[in-house]
Each structure stands twice: as C-alpha cells, then as structure tokens.
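Coordinates from model_24.pdb are shown below (PDB, C-alpha atoms, pLDDT in the B column).
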```pdb
ATOM      1  CA  GLY A 110      96.484  56.614 -24.233  1.00 57.00           C
ATOM      2  CA  PHE A 111      93.753  58.068 -22.106  1.00 62.00           C
ATOM      3  CA  ALA A 112      94.383  61.065 -19.883  1.00 62.00           C
ATOM      4  CA  ALA A 113      92.742  61.014 -16.464  1.00 65.00           C
ATOM      5  CA  ALA A 114      89.980  63.588 -16.128  1.00 68.00           C
ATOM      6  CA  VAL A 115      90.963  66.138 -13.496  1.00 66.00           C
ATOM      7  CA  PRO A 116      88.100  68.146 -12.017  1.00 63.00           C
ATOM      8  CA  PRO A 117      88.386  71.909 -12.292  1.00 65.00           C
ATOM      9  CA  VAL A 118      89.666  73.515  -9.093  1.00 64.00           C
ATOM     10  CA  ARG A 119      86.280  75.175  -8.452  1.00 68.00           C
ATOM     11  CA  ASP A 120      84.657  71.711  -8.061  1.00 71.00           C
ATOM     12  CA  MET A 121      87.105  70.417  -5.465  1.00 74.00           C
ATOM     13  CA  LYS A 122      85.947  70.072  -1.886  1.00 77.00           C
ATOM     14  CA  SER A 123      87.921  71.113   1.141  1.00 85.00           C
ATOM     15  CA  VAL A 124      88.140  69.552   4.566  1.00 85.00           C
ATOM     16  CA  LYS A 125      86.204  71.678   7.043  1.00 83.00           C
ATOM     17  CA  GLN A 126      87.132  69.875  10.220  1.00 84.00           C
ATOM     18  CA  ILE A 127      88.976  66.834  11.479  1.00 87.00           C
ATOM     19  CA  MET A 128      87.291  65.478  14.559  1.00 86.00           C
ATOM     20  CA  GLY A 129      89.169  63.507  17.184  1.00 88.00           C
ATOM     21  CA  LYS A 130      88.113  60.068  18.304  1.00 90.00           C
ATOM     22  CA  PRO A 131      85.033  60.488  20.519  1.00 94.00           C
ATOM     23  CA  ARG A 132      84.569  58.687  23.826  1.00 95.00           C
ATOM     24  CA  ARG A 133      82.432  55.575  23.744  1.00 96.00           C
ATOM     25  CA  HIS A 134      79.225  55.385  25.730  1.00 96.00           C
ATOM     26  CA  TRP A 135      76.590  52.722  26.333  1.00 97.00           C
ATOM     27  CA  VAL A 136      73.211  52.799  24.627  1.00 96.00           C
ATOM     28  CA  GLY A 137      71.209  50.586  26.945  1.00 96.00           C
ATOM     29  CA  ASP A 138      73.392  47.721  28.090  1.00 96.00           C
ATOM     30  CA  GLY A 139      74.049  46.143  24.710  1.00 96.00           C
ATOM     31  CA  PHE A 140      75.504  48.788  22.443  1.00 96.00           C
ATOM     32  CA  HIS A 141      78.879  50.293  23.373  1.00 97.00           C
ATOM     33  CA  VAL A 142      79.153  52.995  20.708  1.00 97.00           C
ATOM     34  CA  TYR A 143      81.336  55.774  19.408  1.00 97.00           C
ATOM     35  CA  PRO A 144      79.220  58.835  18.508  1.00 96.00           C
ATOM     36  CA  VAL A 145      81.026  59.409  15.197  1.00 94.00           C
ATOM     37  CA  PHE A 146      79.542  62.877  14.577  1.00 92.00           C
ATOM     38  CA  HIS A 147      80.462  63.750  18.173  1.00 91.00           C
ATOM     39  CA  ASP A 148      79.559  67.364  19.001  1.00 88.00           C
ATOM     40  CA  LEU A 149      78.102  67.981  15.540  1.00 90.00           C
ATOM     41  CA  ALA A 150      75.294  65.431  15.990  1.00 91.00           C
ATOM     42  CA  PHE A 151      71.821  66.945  15.567  1.00 90.00           C
ATOM     43  CA  SER A 152      73.304  70.201  14.219  1.00 91.00           C
ATOM     44  CA  GLN A 153      72.205  72.190  11.184  1.00 90.00           C
ATOM     45  CA  GLU A 154      75.756  71.862   9.900  1.00 87.00           C
ATOM     46  CA  LEU A 155      75.280  68.114   9.303  1.00 88.00           C
ATOM     47  CA  SER A 156      71.633  68.162   8.238  1.00 89.00           C
ATOM     48  CA  PRO A 157      70.029  66.002   6.944  1.00 92.00           C
ATOM     49  CA  TRP A 158      72.324  63.603   8.851  1.00 90.00           C
ATOM     50  CA  LEU A 159      71.455  63.597  12.553  1.00 92.00           C
ATOM     51  CA  MET A 160      73.563  61.017  14.290  1.00 94.00           C
ATOM     52  CA  PHE A 161      75.943  58.160  13.514  1.00 96.00           C
ATOM     53  CA  ASP A 162      76.851  55.580  16.167  1.00 97.00           C
ATOM     54  CA  TYR A 163      79.469  52.885  15.624  1.00 97.00           C
ATOM     55  CA  ALA A 164      79.779  49.874  17.921  1.00 98.00           C
ATOM     56  CA  SER A 165      83.308  48.653  17.227  1.00 97.00           C
ATOM     57  CA  PRO A 166      84.025  44.916  17.528  1.00 98.00           C
ATOM     58  CA  GLU A 167      83.469  43.820  21.117  1.00 97.00           C
ATOM     59  CA  GLU A 168      83.306  40.356  22.616  1.00 98.00           C
ATOM     60  CA  PHE A 169      80.174  39.620  24.649  1.00 98.00           C
ATOM     61  CA  PRO A 170      80.059  36.518  26.864  1.00 98.00           C
ATOM     62  CA  PRO A 171      77.035  34.197  26.754  1.00 98.00           C
ATOM     63  CA  SER A 172      74.165  35.572  28.824  1.00 96.00           C
ATOM     64  CA  ARG A 173      70.638  34.730  29.878  1.00 95.00           C
ATOM     65  CA  SER A 174      69.686  38.401  30.070  1.00 93.00           C
ATOM     66  CA  ARG A 175      68.548  40.590  27.182  1.00 92.00           C
ATOM     67  CA  ARG A 176      71.170  43.184  26.327  1.00 97.00           C
ATOM     68  CA  GLY A 177      70.026  46.247  24.453  1.00 97.00           C
ATOM     69  CA  VAL A 178      67.486  49.043  24.619  1.00 96.00           C
ATOM     70  CA  GLY A 179      63.894  48.586  25.764  1.00 95.00           C
ATOM     71  CA  GLN A 180      60.872  50.303  24.273  1.00 94.00           C
ATOM     72  CA  HIS A 181      61.473  53.876  23.178  1.00 93.00           C
ATOM     73  CA  GLY A 182      60.002  56.205  20.602  1.00 90.00           C
ATOM     74  CA  HIS A 183      61.233  57.867  17.438  1.00 89.00           C
ATOM     75  CA  ARG A 184      59.499  60.459  15.267  1.00 90.00           C
ATOM     76  CA  GLY A 185      60.341  62.465  12.145  1.00 89.00           C
ATOM     77  CA  PHE A 186      63.452  60.633  10.985  1.00 91.00           C
ATOM     78  CA  GLU A 187      64.786  57.346   9.659  1.00 92.00           C
ATOM     79  CA  THR A 188      67.320  54.959  11.125  1.00 93.00           C
ATOM     80  CA  VAL A 189      69.632  52.780   9.069  1.00 96.00           C
ATOM     81  CA  THR A 190      71.197  49.930  11.039  1.00 96.00           C
ATOM     82  CA  ILE A 191      73.963  47.746   9.618  1.00 97.00           C
ATOM     83  CA  ALA A 192      75.131  44.579  11.360  1.00 97.00           C
ATOM     84  CA  PHE A 193      78.711  43.495  10.684  1.00 98.00           C
ATOM     85  CA  GLN A 194      79.084  40.837  13.399  1.00 98.00           C
ATOM     86  CA  GLY A 195      76.536  39.479  15.862  1.00 98.00           C
ATOM     87  CA  GLU A 196      72.776  39.871  15.660  1.00 98.00           C
ATOM     88  CA  VAL A 197      70.250  42.571  16.578  1.00 96.00           C
ATOM     89  CA  GLU A 198      66.606  41.740  17.246  1.00 96.00           C
ATOM     90  CA  HIS A 199      64.194  44.572  16.514  1.00 93.00           C
ATOM     91  CA  GLY A 200      60.500  44.787  17.334  1.00 93.00           C
ATOM     92  CA  ASP A 201      58.016  47.655  17.108  1.00 92.00           C
ATOM     93  CA  ASN A 202      54.442  48.639  17.954  1.00 93.00           C
ATOM     94  CA  VAL A 203      53.162  48.054  14.409  1.00 90.00           C
ATOM     95  CA  GLY A 204      54.040  44.359  14.487  1.00 92.00           C
ATOM     96  CA  ASN A 205      57.412  44.284  12.769  1.00 91.00           C
ATOM     97  CA  LYS A 206      59.866  41.890  14.381  1.00 93.00           C
ATOM     98  CA  ASP A 207      63.020  40.421  12.917  1.00 95.00           C
ATOM     99  CA  VAL A 208      66.687  39.677  13.480  1.00 97.00           C
ATOM    100  CA  ILE A 209      69.421  41.319  11.444  1.00 96.00           C
ATOM    101  CA  GLY A 210      72.750  39.532  11.220  1.00 97.00           C
ATOM    102  CA  PRO A 211      76.132  39.997   9.547  1.00 98.00           C
ATOM    103  CA  GLY A 212      75.739  41.911   6.284  1.00 97.00           C
ATOM    104  CA  ASP A 213      72.086  42.789   6.905  1.00 97.00           C
ATOM    105  CA  VAL A 214      70.700  46.327   6.749  1.00 96.00           C
ATOM    106  CA  GLN A 215      67.500  47.539   8.398  1.00 94.00           C
ATOM    107  CA  TRP A 216      65.917  50.815   7.262  1.00 92.00           C
ATOM    108  CA  MET A 217      63.198  52.101   9.595  1.00 91.00           C
ATOM    109  CA  THR A 218      61.073  55.159   8.863  1.00 89.00           C
ATOM    110  CA  ALA A 219      59.765  56.578  12.129  1.00 86.00           C
ATOM    111  CA  GLY A 220      57.711  59.298  10.407  1.00 83.00           C
ATOM    112  CA  SER A 221      54.660  60.129  12.538  1.00 87.00           C
ATOM    113  CA  GLY A 222      56.028  58.004  15.355  1.00 88.00           C
ATOM    114  CA  ILE A 223      56.985  54.479  16.274  1.00 90.00           C
ATOM    115  CA  ILE A 224      57.741  52.680  19.521  1.00 92.00           C
ATOM    116  CA  HIS A 225      60.413  50.032  19.169  1.00 93.00           C
ATOM    117  CA  GLU A 226      63.088  48.055  20.988  1.00 95.00           C
ATOM    118  CA  GLU A 227      66.472  46.691  19.982  1.00 96.00           C
ATOM    119  CA  TYR A 228      68.330  43.857  21.689  1.00 97.00           C
ATOM    120  CA  HIS A 229      71.043  41.350  20.962  1.00 98.00           C
ATOM    121  CA  SER A 230      69.151  38.449  19.426  1.00 97.00           C
ATOM    122  CA  THR A 231      68.147  35.567  21.698  1.00 96.00           C
ATOM    123  CA  ASN A 232      70.559  33.269  19.856  1.00 97.00           C
ATOM    124  CA  PHE A 233      73.474  35.723  20.073  1.00 98.00           C
ATOM    125  CA  ALA A 234      72.830  36.298  23.793  1.00 97.00           C
ATOM    126  CA  LYS A 235      72.938  32.523  24.433  1.00 97.00           C
ATOM    127  CA  THR A 236      76.148  31.907  22.503  1.00 97.00           C
ATOM    128  CA  GLY A 237      77.903  35.249  22.959  1.00 98.00           C
ATOM    129  CA  GLY A 238      80.518  36.341  20.469  1.00 98.00           C
ATOM    130  CA  LEU A 239      81.896  39.289  18.579  1.00 98.00           C
ATOM    131  CA  PHE A 240      79.449  42.161  18.061  1.00 98.00           C
ATOM    132  CA  GLU A 241      79.893  45.061  15.616  1.00 98.00           C
ATOM    133  CA  MET A 242      77.273  47.349  14.106  1.00 97.00           C
ATOM    134  CA  CYS A 243      76.496  50.936  13.170  1.00 97.00           C
ATOM    135  CA  GLN A 244      73.394  53.089  13.064  1.00 97.00           C
ATOM    136  CA  LEU A 245      72.796  56.296  11.114  1.00 96.00           C
ATOM    137  CA  TRP A 246      69.903  58.654  11.759  1.00 93.00           C
ATOM    138  CA  LEU A 247      68.604  60.655   8.792  1.00 94.00           C
ATOM    139  CA  ASN A 248      66.248  63.618   9.202  1.00 91.00           C
ATOM    140  CA  LEU A 249      63.126  63.510   7.049  1.00 90.00           C
ATOM    141  CA  PRO A 250      62.189  66.602   5.021  1.00 88.00           C
ATOM    142  CA  ALA A 251      59.363  68.613   6.631  1.00 87.00           C
ATOM    143  CA  LYS A 252      56.816  67.403   4.050  1.00 88.00           C
ATOM    144  CA  HIS A 253      57.577  63.747   4.976  1.00 86.00           C
ATOM    145  CA  LYS A 254      57.946  64.053   8.752  1.00 84.00           C
ATOM    146  CA  MET A 255      54.471  62.647   9.393  1.00 83.00           C
ATOM    147  CA  THR A 256      54.810  59.804   6.858  1.00 80.00           C
TER     148      THR A 256
END
```
Let me see the structure of the file written as structure tokens.
Amino acid sequence: GFAAAVPPVRDMKSVKQIMGKPRRHWVGDGFHVYPVFHDLAFSQELSPWLMFDYASPEEFPPSRSRRGVGQHGHRGFETVTIAFQGEVEHGDNVGNKDVIGPGDVQWMTAGSGIIHEEYHSTNFAKTGGLFEMCQLWLNLPAKHKMT
C-alpha cells in the first residue's frame, strides 16, 4: 500500500486568529455585505489582500429603481467579483459594460485609475429574486500600481 505523505512539523501552519461574524452593512442600496476581513481589512497583516465583502443570499423584490453603487473611483488595486445568484451590471469610464450572472467572475484592474458603477442588472431589478455575490480587493505591487 501507499503511505500518506505527512508534512514535516516545520511546514505546518498555525491559526493566528479566529474572527467573529462581522456586522453586515450596505454598499449603496444594492449590496448588503459582510466585511469578511472585518477589522483587518486594508492592513499590512493581510497584504496583498485588501478587502473581502460577501453578500449572503438575500431576496430582493421586483423594482423599477436601480439598486447598487453609482459612479466611484478605484486606483492601484484589482477587484474580483463573483456572482452566485442574481446579476450585477458593471460599467466604467473606458467603455466596458456587461452583466455578470450566476457562476460568472469579473476581474477589474483599476491600476492608474478607473471610474465605474455597479448595479443589480436591469433584468434582475425587474424580476427580483435571490441575490448572492462576493468581491475581493487585491493590492497591486508598487511597480504595477499605475498599470
């Protein structure tokens, strides 16, 4: 038979901290999120990770209004957005515009700066439904900050 490879003790990692469940807050009026990194967000301790928001499954009724976050800027980092349920419509000042739906991933490099907006898609707003997504912010190395 085969023996399972056991890593030497020196290679094992230890748990530094167990963080309690953070309080949810609204990002705009469309994203009710848990700040997963909580008080460690934007700290050197987590670098290069900056922030991680999780919007747990939430039912949104049909609406005629746009729910989300209007135009705002980012610079010097990347965002990775994953849609599990529902749809997010993203548009930016360089002409990119698209909808990400269940199973889709959007990777945006802000680099030297970008102005963008994120809303529930027009279709999702009209029909309503279950919405779940997450977004991770990743700091760019100094030499790529102005990419």
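Taking atom CA of A:Lys235 and atom CA of A:Asn202 as endpoints, the distance between them is 25.4 Å.
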One decimal, in Å: what's the spacing between atom CA of A:Cys243 and atom CA of A:Ser156?
18.6 Å
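Every residue within 6 Å of the file position (79.1, 58.3, 14.1), judged by only C-alpha atoms, is given as Pro144, Val145, Phe146, Phe161, Asp162 and Tyr163 of chain A.
For the set A:Tyr228, A:Trp216, A:Gly222, A:Gln194, the residue with the smallest atom-to-atom gap to A:Met242 is A:Gln194, counting only C-alpha atoms.
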Quick one: apply the PyMOL selection byres ((chain A and resi 130) around 10) to the file and drop the selected residues here as a list in words.
Ile127, Met128, Gly129, Pro131, Arg132, Arg133, Tyr143, Pro144, Val145, Phe146 and His147 of chain A
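The spacing separating atom CA of A:Ser174 from atom CA of A:Ala219 amounts to 27.4 Å.
The nearest approach to A:Met160 among the residues A:Ile209, A:Gly137, A:Ser230, A:Glu187, with only C-alpha atoms taken into account, belongs to A:Glu187.
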Starting from the PyMOL selection byres ((chain A and resi 188) around 8), expand the selection into actual residues of this file and give them as a PyMOL selection string.
chain A and resi 186-187+189-190+215-219+244-247
Surrounding residues of A:Pro170 excluding itself and chain neighbours under 3 positions, 12 Å, only C-alpha atoms, as a PDB file with C-alpha atoms, keeping the file's coordinate frame:
```pdb
ATOM      1  CA  GLY A 139      74.049  46.143  24.710  1.00 96.00           C
ATOM      2  CA  GLU A 167      83.469  43.820  21.117  1.00 97.00           C
ATOM      3  CA  ARG A 173      70.638  34.730  29.878  1.00 95.00           C
ATOM      4  CA  SER A 174      69.686  38.401  30.070  1.00 93.00           C
ATOM      5  CA  ARG A 176      71.170  43.184  26.327  1.00 97.00           C
ATOM      6  CA  GLY A 195      76.536  39.479  15.862  1.00 98.00           C
ATOM      7  CA  HIS A 229      71.043  41.350  20.962  1.00 98.00           C
ATOM      8  CA  PHE A 233      73.474  35.723  20.073  1.00 98.00           C
ATOM      9  CA  ALA A 234      72.830  36.298  23.793  1.00 97.00           C
ATOM     10  CA  LYS A 235      72.938  32.523  24.433  1.00 97.00           C
ATOM     11  CA  THR A 236      76.148  31.907  22.503  1.00 97.00           C
ATOM     12  CA  GLY A 237      77.903  35.249  22.959  1.00 98.00           C
ATOM     13  CA  GLY A 238      80.518  36.341  20.469  1.00 98.00           C
ATOM     14  CA  LEU A 239      81.896  39.289  18.579  1.00 98.00           C
ATOM     15  CA  PHE A 240      79.449  42.161  18.061  1.00 98.00           C
TER      16      PHE A 240
END
```
If you count all atoms listed in the file, which residues fall within 9 Å of A:Phe193, apart from same-chain ones fewer than 3 positions away, as an MDAnalysis selection string?
chainID A and resid 166 196 210:213 240:243
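Of the listed residues (A:Leu249, A:Met255, A:Ile224, A:Leu155), A:Ile224 comes nearest to A:Gly179; the distances count all atoms listed in the file.
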Which residues would end up in the selection if the PyMOL selection byres ((chain A and resi 227) around 7) were applied here, given that I need the answer as a ChimeraX atom specification?
/A:177-179,197-200,225-226,228
Build an axis-aligned box that encloses every atom of stretch 164-175 of chain A listed in the file, pad it by 4 Å on each side, and report its centre and edge lengths in Å to one decimal, as AutoDock Vina command-line options.
```
--center_x 76.3 --center_y 42.0 --center_z 23.6 --size_x 23.5 --size_y 23.7 --size_z 20.8
```
From A:His253, A:Lys206, A:Ala164, A:Ile191, residue lying nearest A:Trp135 [all atoms listed in the file]:
A:Ala164
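Considering only C-alpha atoms, the residue among A:Gln180, A:Ser165, A:Asn232, A:Ala251 positioned nearest to A:His141 is A:Ser165.
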